[in-house]
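model_4.txt (compact mmCIF, N, CA and C atoms) appears below.
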```txt
# COMPACT_ATOMS: atom_id res chain seq x y z
N GLN P 1 -25.99 38.20 17.69
CA GLN P 1 -25.86 36.76 17.85
C GLN P 1 -25.65 36.40 19.32
N ASP P 2 -24.96 37.25 20.06
CA ASP P 2 -24.74 36.97 21.48
C ASP P 2 -26.05 36.86 22.24
N TRP P 3 -27.02 37.72 21.91
CA TRP P 3 -28.31 37.68 22.62
C TRP P 3 -29.02 36.37 22.36
N TYR P 4 -28.86 35.83 21.15
CA TYR P 4 -29.51 34.57 20.80
C TYR P 4 -28.91 33.42 21.62
N ILE P 5 -27.60 33.41 21.73
CA ILE P 5 -26.92 32.37 22.51
C ILE P 5 -27.28 32.50 23.98
N ARG P 6 -27.28 33.73 24.49
CA ARG P 6 -27.66 33.95 25.90
C ARG P 6 -29.07 33.48 26.16
N ASN P 7 -29.99 33.81 25.27
CA ASN P 7 -31.37 33.41 25.46
C ASN P 7 -31.52 31.89 25.42
N ALA P 8 -30.80 31.24 24.53
CA ALA P 8 -30.83 29.77 24.45
C ALA P 8 -30.28 29.16 25.74
N ALA P 9 -29.23 29.76 26.29
CA ALA P 9 -28.66 29.26 27.55
C ALA P 9 -29.65 29.43 28.70
N ILE P 10 -30.33 30.57 28.74
CA ILE P 10 -31.33 30.81 29.78
C ILE P 10 -32.45 29.79 29.67
N GLU P 11 -32.91 29.54 28.46
CA GLU P 11 -33.98 28.55 28.27
C GLU P 11 -33.53 27.16 28.73
N ALA P 12 -32.29 26.80 28.42
CA ALA P 12 -31.78 25.49 28.83
C ALA P 12 -31.64 25.40 30.35
N LEU P 13 -31.15 26.45 30.98
CA LEU P 13 -30.99 26.45 32.43
C LEU P 13 -32.35 26.43 33.13
N ALA P 14 -33.35 27.02 32.51
CA ALA P 14 -34.69 27.05 33.12
C ALA P 14 -35.29 25.66 33.26
N THR P 15 -34.78 24.72 32.49
CA THR P 15 -35.30 23.36 32.57
C THR P 15 -34.46 22.47 33.48
N ALA P 16 -33.46 23.04 34.12
CA ALA P 16 -32.61 22.25 35.03
C ALA P 16 -33.32 22.06 36.36
N TYR P 17 -33.57 20.81 36.70
CA TYR P 17 -34.27 20.51 37.95
C TYR P 17 -33.38 19.75 38.93
N ASP P 18 -32.16 19.49 38.54
CA ASP P 18 -31.22 18.78 39.40
C ASP P 18 -30.79 19.72 40.52
N ALA P 19 -31.01 19.33 41.75
CA ALA P 19 -30.71 20.18 42.90
C ALA P 19 -29.23 20.57 42.95
N SER P 20 -28.34 19.68 42.55
CA SER P 20 -26.92 20.01 42.59
C SER P 20 -26.56 21.06 41.54
N VAL P 21 -27.23 21.02 40.38
CA VAL P 21 -26.99 22.03 39.34
C VAL P 21 -27.49 23.38 39.83
N ILE P 22 -28.68 23.40 40.41
CA ILE P 22 -29.25 24.64 40.91
C ILE P 22 -28.37 25.23 42.01
N ALA P 23 -27.87 24.39 42.90
CA ALA P 23 -26.98 24.85 43.98
C ALA P 23 -25.70 25.45 43.40
N LYS P 24 -25.15 24.82 42.38
CA LYS P 24 -23.93 25.35 41.75
C LYS P 24 -24.19 26.69 41.07
N LEU P 25 -25.35 26.82 40.43
CA LEU P 25 -25.70 28.09 39.79
C LEU P 25 -25.85 29.20 40.83
N GLU P 26 -26.50 28.90 41.94
CA GLU P 26 -26.65 29.89 43.00
C GLU P 26 -25.29 30.28 43.56
N LYS P 27 -24.42 29.31 43.75
CA LYS P 27 -23.09 29.60 44.28
C LYS P 27 -22.31 30.48 43.30
N MET P 28 -22.41 30.16 42.00
CA MET P 28 -21.73 30.94 40.99
C MET P 28 -22.24 32.38 40.98
N ALA P 29 -23.54 32.54 41.06
CA ALA P 29 -24.14 33.87 41.04
C ALA P 29 -23.85 34.64 42.31
N GLY P 30 -23.65 33.94 43.42
CA GLY P 30 -23.35 34.61 44.68
C GLY P 30 -21.91 35.06 44.79
N GLY P 31 -21.07 34.55 43.92
CA GLY P 31 -19.65 34.92 43.94
C GLY P 31 -19.39 36.17 43.13
N ARG P 32 -18.25 36.20 42.53
CA ARG P 32 -17.85 37.37 41.74
C ARG P 32 -18.01 37.13 40.25
N ALA P 33 -19.07 36.49 39.89
CA ALA P 33 -19.32 36.18 38.48
C ALA P 33 -19.64 37.46 37.71
N ASP P 34 -19.46 37.39 36.44
CA ASP P 34 -19.80 38.48 35.54
C ASP P 34 -21.29 38.79 35.70
N PRO P 35 -21.66 40.07 35.76
CA PRO P 35 -23.08 40.42 35.92
C PRO P 35 -23.99 39.82 34.85
N THR P 36 -23.47 39.64 33.65
CA THR P 36 -24.27 39.05 32.58
C THR P 36 -24.62 37.60 32.92
N ILE P 37 -23.69 36.89 33.54
CA ILE P 37 -23.93 35.51 33.94
C ILE P 37 -24.96 35.46 35.06
N ILE P 38 -24.82 36.33 36.04
CA ILE P 38 -25.78 36.38 37.15
C ILE P 38 -27.17 36.72 36.61
N GLU P 39 -27.22 37.69 35.71
CA GLU P 39 -28.49 38.08 35.09
C GLU P 39 -29.15 36.87 34.42
N GLY P 40 -28.37 36.10 33.70
CA GLY P 40 -28.90 34.92 33.02
C GLY P 40 -29.41 33.86 33.98
N ILE P 41 -28.66 33.65 35.05
CA ILE P 41 -29.08 32.66 36.06
C ILE P 41 -30.40 33.09 36.70
N VAL P 42 -30.48 34.36 37.07
CA VAL P 42 -31.70 34.87 37.70
C VAL P 42 -32.89 34.75 36.75
N MET P 43 -32.69 35.10 35.47
CA MET P 43 -33.78 34.99 34.50
C MET P 43 -34.19 33.53 34.31
N ALA P 44 -33.22 32.63 34.30
CA ALA P 44 -33.53 31.20 34.16
C ALA P 44 -34.37 30.71 35.33
N PHE P 45 -34.01 31.15 36.54
CA PHE P 45 -34.79 30.76 37.72
C PHE P 45 -36.22 31.29 37.62
N GLY P 46 -36.37 32.51 37.12
CA GLY P 46 -37.72 33.07 36.95
C GLY P 46 -38.52 32.30 35.93
N LYS P 47 -37.90 31.99 34.80
CA LYS P 47 -38.61 31.24 33.75
C LYS P 47 -38.97 29.84 34.21
N ALA P 48 -38.17 29.27 35.10
CA ALA P 48 -38.45 27.93 35.63
C ALA P 48 -39.71 27.95 36.49
N GLY P 49 -40.00 29.10 37.11
CA GLY P 49 -41.20 29.22 37.92
C GLY P 49 -41.14 28.50 39.25
N ASN P 50 -39.95 28.16 39.70
CA ASN P 50 -39.78 27.43 40.95
C ASN P 50 -39.75 28.40 42.13
N ALA P 51 -40.77 28.35 42.96
CA ALA P 51 -40.87 29.27 44.10
C ALA P 51 -39.75 29.07 45.12
N ASP P 52 -39.07 27.94 45.08
CA ASP P 52 -37.94 27.71 45.99
C ASP P 52 -36.79 28.66 45.71
N ARG P 53 -36.73 29.24 44.53
CA ARG P 53 -35.65 30.15 44.15
C ARG P 53 -35.96 31.60 44.51
N VAL P 54 -37.17 31.87 44.99
CA VAL P 54 -37.57 33.25 45.30
C VAL P 54 -36.64 33.92 46.31
N PRO P 55 -36.26 33.28 47.42
CA PRO P 55 -35.35 33.96 48.35
C PRO P 55 -34.03 34.37 47.69
N PHE P 56 -33.49 33.50 46.85
CA PHE P 56 -32.25 33.84 46.14
C PHE P 56 -32.46 35.06 45.25
N MET P 57 -33.57 35.08 44.50
CA MET P 57 -33.83 36.20 43.60
C MET P 57 -34.05 37.49 44.37
N ILE P 58 -34.66 37.40 45.54
CA ILE P 58 -34.85 38.59 46.37
C ILE P 58 -33.51 39.17 46.78
N THR P 59 -32.55 38.31 47.12
CA THR P 59 -31.22 38.82 47.49
C THR P 59 -30.56 39.53 46.32
N GLN P 60 -30.87 39.12 45.10
CA GLN P 60 -30.25 39.75 43.93
C GLN P 60 -30.82 41.14 43.65
N LEU P 61 -31.92 41.51 44.28
CA LEU P 61 -32.43 42.87 44.16
C LEU P 61 -31.46 43.88 44.76
N ASP P 62 -30.59 43.41 45.64
CA ASP P 62 -29.59 44.28 46.28
C ASP P 62 -28.23 44.20 45.61
N ASN P 63 -28.14 43.52 44.49
CA ASN P 63 -26.88 43.42 43.77
C ASN P 63 -26.43 44.81 43.34
N LYS P 64 -25.13 45.03 43.28
CA LYS P 64 -24.60 46.35 42.92
C LYS P 64 -24.84 46.70 41.45
N LYS P 65 -25.02 45.70 40.63
CA LYS P 65 -25.21 45.94 39.19
C LYS P 65 -26.69 46.08 38.85
N TRP P 66 -27.05 47.17 38.18
CA TRP P 66 -28.44 47.42 37.86
C TRP P 66 -29.03 46.35 36.95
N GLN P 67 -28.19 45.75 36.10
CA GLN P 67 -28.70 44.72 35.19
C GLN P 67 -29.22 43.51 35.97
N VAL P 68 -28.50 43.18 37.04
CA VAL P 68 -28.90 42.05 37.88
C VAL P 68 -30.16 42.41 38.67
N GLN P 69 -30.22 43.62 39.18
CA GLN P 69 -31.41 44.07 39.91
C GLN P 69 -32.64 44.01 39.01
N ARG P 70 -32.49 44.49 37.78
CA ARG P 70 -33.60 44.47 36.82
C ARG P 70 -34.03 43.04 36.53
N ALA P 71 -33.06 42.16 36.29
CA ALA P 71 -33.37 40.75 36.00
C ALA P 71 -34.09 40.11 37.19
N ALA P 72 -33.65 40.43 38.39
CA ALA P 72 -34.29 39.86 39.59
C ALA P 72 -35.74 40.32 39.69
N ALA P 73 -35.99 41.59 39.42
CA ALA P 73 -37.36 42.11 39.48
C ALA P 73 -38.23 41.44 38.43
N ILE P 74 -37.72 41.29 37.22
CA ILE P 74 -38.48 40.64 36.15
C ILE P 74 -38.74 39.18 36.50
N ALA P 75 -37.70 38.50 36.99
CA ALA P 75 -37.83 37.08 37.33
C ALA P 75 -38.83 36.87 38.46
N LEU P 76 -38.79 37.74 39.47
CA LEU P 76 -39.73 37.61 40.58
C LEU P 76 -41.17 37.82 40.10
N ALA P 77 -41.35 38.69 39.12
CA ALA P 77 -42.69 38.93 38.59
C ALA P 77 -43.24 37.71 37.85
N MET P 78 -42.36 36.80 37.43
CA MET P 78 -42.79 35.60 36.72
C MET P 78 -43.33 34.52 37.64
N ILE P 79 -43.06 34.66 38.94
CA ILE P 79 -43.45 33.63 39.90
C ILE P 79 -44.46 34.22 40.87
N PRO P 80 -45.68 33.71 40.89
CA PRO P 80 -46.68 34.22 41.83
C PRO P 80 -46.38 33.75 43.25
N ASP P 81 -45.72 34.60 44.00
CA ASP P 81 -45.32 34.26 45.36
C ASP P 81 -45.43 35.52 46.23
N LYS P 82 -46.09 35.40 47.35
CA LYS P 82 -46.30 36.55 48.23
C LYS P 82 -45.00 37.18 48.71
N ARG P 83 -43.95 36.39 48.85
CA ARG P 83 -42.67 36.92 49.33
C ARG P 83 -42.10 37.95 48.37
N SER P 84 -42.45 37.84 47.12
CA SER P 84 -41.92 38.76 46.11
C SER P 84 -42.51 40.16 46.24
N VAL P 85 -43.75 40.23 46.64
CA VAL P 85 -44.47 41.51 46.66
C VAL P 85 -43.76 42.54 47.52
N GLU P 86 -43.49 42.20 48.75
CA GLU P 86 -42.86 43.14 49.67
C GLU P 86 -41.47 43.54 49.17
N ALA P 87 -40.74 42.59 48.64
CA ALA P 87 -39.39 42.88 48.16
C ALA P 87 -39.40 43.83 46.95
N LEU P 88 -40.44 43.72 46.13
CA LEU P 88 -40.52 44.54 44.93
C LEU P 88 -41.06 45.94 45.18
N ILE P 89 -41.72 46.13 46.31
CA ILE P 89 -42.31 47.46 46.61
C ILE P 89 -41.27 48.40 47.15
```
Since I need it in another form, could you write the structure as structure tokens?
Amino acid sequence: QDWYIRNAAIEALATAYDASVIAKLEKMAGGRADPTIIEGIVMAFGKAGNADRVPFMITQLDNKKWQVQRAAAIALAMIPDKRSVEALI
């Protein structure tokens, strides 16, 4: 059941286009948030397809938690952006 709730939250966050909401999510993910929360934020940004979030997702490739690194790689693959290629190689 937890995966269902998490997936629903990711889908809802992916539709957030308010710049202040996105800034708060980035700030939350950049802090000491639970890796599961960061993973969800990164996946939501990928599903949103907004290339403006690519630099943030690239920084998450260096996160200490493998779950976040994996989510960042998957999310970057969802957005066709040249900046992602070098970071993923």
With a distance cut-off of 8 Å and all atoms listed in the file, select the neighbouring residues of region 50-55 of chain P, excluding the residue or stretch itself and same-chain residues fewer than 6 positions from it, and output the selection as JSON, numbers by chain. {"P": [44, 75, 76, 78, 79, 80, 81, 83, 84]}
Computed interatomic separation between CA of Leu61 (chain P) and atom C of Ala87 (chain P) (Å):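 Between CA of Leu61 (chain P) and atom C of Ala87 (chain P) the gap works out to 7.6 Å.
One distance worth recording is that between atom N of Phe56 (chain P) and atom C of Arg70 (chain P), which is 14.1 Å.
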Point-to-point distance in Å for atom N of Ile58 (chain P) and CA of Leu88 (chain P):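 CA of Leu88 (chain P) sits 9.3 Å away from atom N of Ile58 (chain P).
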So which one's closest to Lys47 (chain P), P:Gln60, P:Ala72, P:Ile89, P:Asp18? Using only C-alpha atoms, please.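 Of all the options, P:Ala72 lies closest to Lys47 (chain P).
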Box for region 34-39 of chain P: with edges along x, y and z, all listed atoms inside and 3 Å added on each side, what are the centre and edge lengths in Å to one decimal, as AutoDock Vina command-line options?
```
--center_x -24.3 --center_y 37.9 --center_z 34.9 --size_x 15.7 --size_y 11.0 --size_z 10.6
```
Nearby residues (only C-alpha atoms) at most 12 Å from Ala23 (chain P), same-chain spacing under 3 positions excluded, as a ChimeraX atom specification: /P:16-20,26-30,41,45,52-53,56
Let's have the selection written as a PDB file, in the frame of the given file, with N, CA and C atoms.
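Wrote it out as result38.pdb, contents follow:
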```pdb
ATOM      1  N   ALA P  16     -33.460  23.040  34.120  1.00  0.00           N
ATOM      2  CA  ALA P  16     -32.610  22.250  35.030  1.00  0.00           C
ATOM      3  C   ALA P  16     -33.320  22.060  36.360  1.00  0.00           C
ATOM      4  N   TYR P  17     -33.570  20.810  36.700  1.00  0.00           N
ATOM      5  CA  TYR P  17     -34.270  20.510  37.950  1.00  0.00           C
ATOM      6  C   TYR P  17     -33.380  19.750  38.930  1.00  0.00           C
ATOM      7  N   ASP P  18     -32.160  19.490  38.540  1.00  0.00           N
ATOM      8  CA  ASP P  18     -31.220  18.780  39.400  1.00  0.00           C
ATOM      9  C   ASP P  18     -30.790  19.720  40.520  1.00  0.00           C
ATOM     10  N   ALA P  19     -31.010  19.330  41.750  1.00  0.00           N
ATOM     11  CA  ALA P  19     -30.710  20.180  42.900  1.00  0.00           C
ATOM     12  C   ALA P  19     -29.230  20.570  42.950  1.00  0.00           C
ATOM     13  N   SER P  20     -28.340  19.680  42.550  1.00  0.00           N
ATOM     14  CA  SER P  20     -26.920  20.010  42.590  1.00  0.00           C
ATOM     15  C   SER P  20     -26.560  21.060  41.540  1.00  0.00           C
ATOM     16  N   GLU P  26     -26.500  28.900  41.940  1.00  0.00           N
ATOM     17  CA  GLU P  26     -26.650  29.890  43.000  1.00  0.00           C
ATOM     18  C   GLU P  26     -25.290  30.280  43.560  1.00  0.00           C
ATOM     19  N   LYS P  27     -24.420  29.310  43.750  1.00  0.00           N
ATOM     20  CA  LYS P  27     -23.090  29.600  44.280  1.00  0.00           C
ATOM     21  C   LYS P  27     -22.310  30.480  43.300  1.00  0.00           C
ATOM     22  N   MET P  28     -22.410  30.160  42.000  1.00  0.00           N
ATOM     23  CA  MET P  28     -21.730  30.940  40.990  1.00  0.00           C
ATOM     24  C   MET P  28     -22.240  32.380  40.980  1.00  0.00           C
ATOM     25  N   ALA P  29     -23.540  32.540  41.060  1.00  0.00           N
ATOM     26  CA  ALA P  29     -24.140  33.870  41.040  1.00  0.00           C
ATOM     27  C   ALA P  29     -23.850  34.640  42.310  1.00  0.00           C
ATOM     28  N   GLY P  30     -23.650  33.940  43.420  1.00  0.00           N
ATOM     29  CA  GLY P  30     -23.350  34.610  44.680  1.00  0.00           C
ATOM     30  C   GLY P  30     -21.910  35.060  44.790  1.00  0.00           C
ATOM     31  N   ILE P  41     -28.660  33.650  35.050  1.00  0.00           N
ATOM     32  CA  ILE P  41     -29.080  32.660  36.060  1.00  0.00           C
ATOM     33  C   ILE P  41     -30.400  33.090  36.700  1.00  0.00           C
ATOM     34  N   PHE P  45     -34.010  31.150  36.540  1.00  0.00           N
ATOM     35  CA  PHE P  45     -34.790  30.760  37.720  1.00  0.00           C
ATOM     36  C   PHE P  45     -36.220  31.290  37.620  1.00  0.00           C
ATOM     37  N   ASP P  52     -39.070  27.940  45.080  1.00  0.00           N
ATOM     38  CA  ASP P  52     -37.940  27.710  45.990  1.00  0.00           C
ATOM     39  C   ASP P  52     -36.790  28.660  45.710  1.00  0.00           C
ATOM     40  N   ARG P  53     -36.730  29.240  44.530  1.00  0.00           N
ATOM     41  CA  ARG P  53     -35.650  30.150  44.150  1.00  0.00           C
ATOM     42  C   ARG P  53     -35.960  31.600  44.510  1.00  0.00           C
ATOM     43  N   PHE P  56     -33.490  33.500  46.850  1.00  0.00           N
ATOM     44  CA  PHE P  56     -32.250  33.840  46.140  1.00  0.00           C
ATOM     45  C   PHE P  56     -32.460  35.060  45.250  1.00  0.00           C
TER      46      PHE P  56
END
```
Distance query 6 Å from (-26.4, 41.9, 37.2) using all atoms listed in the file, result as number ranges by chain: P: 35-36, 38-39, 65-69
All heavy atoms are needed for region 42-53 of chain P; please write them out as a PDB file, keeping the file's coordinate frame.
```
ATOM      1  N   VAL P  42     -30.480  34.360  37.070  1.00  0.00           N
ATOM      2  CA  VAL P  42     -31.700  34.870  37.700  1.00  0.00           C
ATOM      3  C   VAL P  42     -32.890  34.750  36.750  1.00  0.00           C
ATOM      4  O   VAL P  42     -33.976  34.311  37.146  1.00  0.00           O
ATOM      5  CB  VAL P  42     -31.491  36.335  38.154  1.00  0.00           C
ATOM      6  CG1 VAL P  42     -32.789  36.975  38.583  1.00  0.00           C
ATOM      7  CG2 VAL P  42     -30.474  36.399  39.290  1.00  0.00           C
ATOM      8  N   MET P  43     -32.690  35.100  35.470  1.00  0.00           N
ATOM      9  CA  MET P  43     -33.780  34.990  34.500  1.00  0.00           C
ATOM     10  C   MET P  43     -34.190  33.530  34.310  1.00  0.00           C
ATOM     11  O   MET P  43     -35.373  33.228  34.183  1.00  0.00           O
ATOM     12  CB  MET P  43     -33.368  35.609  33.171  1.00  0.00           C
ATOM     13  CG  MET P  43     -33.270  37.120  33.211  1.00  0.00           C
ATOM     14  SD  MET P  43     -34.800  37.958  33.684  1.00  0.00           S
ATOM     15  CE  MET P  43     -35.831  37.564  32.285  1.00  0.00           C
ATOM     16  N   ALA P  44     -33.220  32.630  34.300  1.00  0.00           N
ATOM     17  CA  ALA P  44     -33.530  31.200  34.160  1.00  0.00           C
ATOM     18  C   ALA P  44     -34.370  30.710  35.330  1.00  0.00           C
ATOM     19  O   ALA P  44     -35.334  29.965  35.157  1.00  0.00           O
ATOM     20  CB  ALA P  44     -32.249  30.380  34.047  1.00  0.00           C
ATOM     21  N   PHE P  45     -34.010  31.150  36.540  1.00  0.00           N
ATOM     22  CA  PHE P  45     -34.790  30.760  37.720  1.00  0.00           C
ATOM     23  C   PHE P  45     -36.220  31.290  37.620  1.00  0.00           C
ATOM     24  O   PHE P  45     -37.168  30.619  37.993  1.00  0.00           O
ATOM     25  CB  PHE P  45     -34.132  31.269  39.003  1.00  0.00           C
ATOM     26  CG  PHE P  45     -32.901  30.502  39.413  1.00  0.00           C
ATOM     27  CD1 PHE P  45     -32.088  30.989  40.429  1.00  0.00           C
ATOM     28  CD2 PHE P  45     -32.539  29.314  38.820  1.00  0.00           C
ATOM     29  CE1 PHE P  45     -30.967  30.293  40.841  1.00  0.00           C
ATOM     30  CE2 PHE P  45     -31.409  28.611  39.213  1.00  0.00           C
ATOM     31  CZ  PHE P  45     -30.618  29.105  40.235  1.00  0.00           C
ATOM     32  N   GLY P  46     -36.370  32.510  37.120  1.00  0.00           N
ATOM     33  CA  GLY P  46     -37.720  33.070  36.950  1.00  0.00           C
ATOM     34  C   GLY P  46     -38.520  32.300  35.930  1.00  0.00           C
ATOM     35  O   GLY P  46     -39.686  31.976  36.161  1.00  0.00           O
ATOM     36  N   LYS P  47     -37.900  31.990  34.800  1.00  0.00           N
ATOM     37  CA  LYS P  47     -38.610  31.240  33.750  1.00  0.00           C
ATOM     38  C   LYS P  47     -38.970  29.840  34.210  1.00  0.00           C
ATOM     39  O   LYS P  47     -39.969  29.278  33.779  1.00  0.00           O
ATOM     40  CB  LYS P  47     -37.763  31.165  32.483  1.00  0.00           C
ATOM     41  CG  LYS P  47     -37.722  32.468  31.742  1.00  0.00           C
ATOM     42  CD  LYS P  47     -36.990  32.334  30.429  1.00  0.00           C
ATOM     43  CE  LYS P  47     -37.050  33.660  29.708  1.00  0.00           C
ATOM     44  NZ  LYS P  47     -37.331  33.514  28.303  1.00  0.00           N
ATOM     45  N   ALA P  48     -38.170  29.270  35.100  1.00  0.00           N
ATOM     46  CA  ALA P  48     -38.450  27.930  35.630  1.00  0.00           C
ATOM     47  C   ALA P  48     -39.710  27.950  36.490  1.00  0.00           C
ATOM     48  O   ALA P  48     -40.397  26.942  36.619  1.00  0.00           O
ATOM     49  CB  ALA P  48     -37.266  27.404  36.423  1.00  0.00           C
ATOM     50  N   GLY P  49     -40.000  29.100  37.110  1.00  0.00           N
ATOM     51  CA  GLY P  49     -41.200  29.220  37.920  1.00  0.00           C
ATOM     52  C   GLY P  49     -41.140  28.500  39.250  1.00  0.00           C
ATOM     53  O   GLY P  49     -42.170  28.263  39.875  1.00  0.00           O
ATOM     54  N   ASN P  50     -39.950  28.160  39.700  1.00  0.00           N
ATOM     55  CA  ASN P  50     -39.780  27.430  40.950  1.00  0.00           C
ATOM     56  C   ASN P  50     -39.750  28.400  42.130  1.00  0.00           C
ATOM     57  O   ASN P  50     -38.806  29.177  42.284  1.00  0.00           O
ATOM     58  CB  ASN P  50     -38.481  26.615  40.886  1.00  0.00           C
ATOM     59  CG  ASN P  50     -38.298  25.715  42.082  1.00  0.00           C
ATOM     60  OD1 ASN P  50     -38.888  25.919  43.129  1.00  0.00           O
ATOM     61  ND2 ASN P  50     -37.460  24.715  41.927  1.00  0.00           N
ATOM     62  N   ALA P  51     -40.770  28.350  42.960  1.00  0.00           N
ATOM     63  CA  ALA P  51     -40.870  29.270  44.100  1.00  0.00           C
ATOM     64  C   ALA P  51     -39.750  29.070  45.120  1.00  0.00           C
ATOM     65  O   ALA P  51     -39.477  29.967  45.915  1.00  0.00           O
ATOM     66  CB  ALA P  51     -42.223  29.118  44.781  1.00  0.00           C
ATOM     67  N   ASP P  52     -39.070  27.940  45.080  1.00  0.00           N
ATOM     68  CA  ASP P  52     -37.940  27.710  45.990  1.00  0.00           C
ATOM     69  C   ASP P  52     -36.790  28.660  45.710  1.00  0.00           C
ATOM     70  O   ASP P  52     -35.936  28.876  46.567  1.00  0.00           O
ATOM     71  CB  ASP P  52     -37.427  26.262  45.882  1.00  0.00           C
ATOM     72  CG  ASP P  52     -38.426  25.258  46.412  1.00  0.00           C
ATOM     73  OD1 ASP P  52     -39.330  25.644  47.189  1.00  0.00           O
ATOM     74  OD2 ASP P  52     -38.299  24.073  46.047  1.00  0.00           O
ATOM     75  N   ARG P  53     -36.730  29.240  44.530  1.00  0.00           N
ATOM     76  CA  ARG P  53     -35.650  30.150  44.150  1.00  0.00           C
ATOM     77  C   ARG P  53     -35.960  31.600  44.510  1.00  0.00           C
ATOM     78  O   ARG P  53     -35.121  32.475  44.363  1.00  0.00           O
ATOM     79  CB  ARG P  53     -35.373  30.068  42.645  1.00  0.00           C
ATOM     80  CG  ARG P  53     -35.075  28.668  42.133  1.00  0.00           C
ATOM     81  CD  ARG P  53     -33.659  28.167  42.396  1.00  0.00           C
ATOM     82  NE  ARG P  53     -33.272  27.917  43.742  1.00  0.00           N
ATOM     83  CZ  ARG P  53     -33.534  26.817  44.456  1.00  0.00           C
ATOM     84  NH1 ARG P  53     -34.223  25.851  43.962  1.00  0.00           N
ATOM     85  NH2 ARG P  53     -33.092  26.691  45.689  1.00  0.00           N
TER      86      ARG P  53
END
```
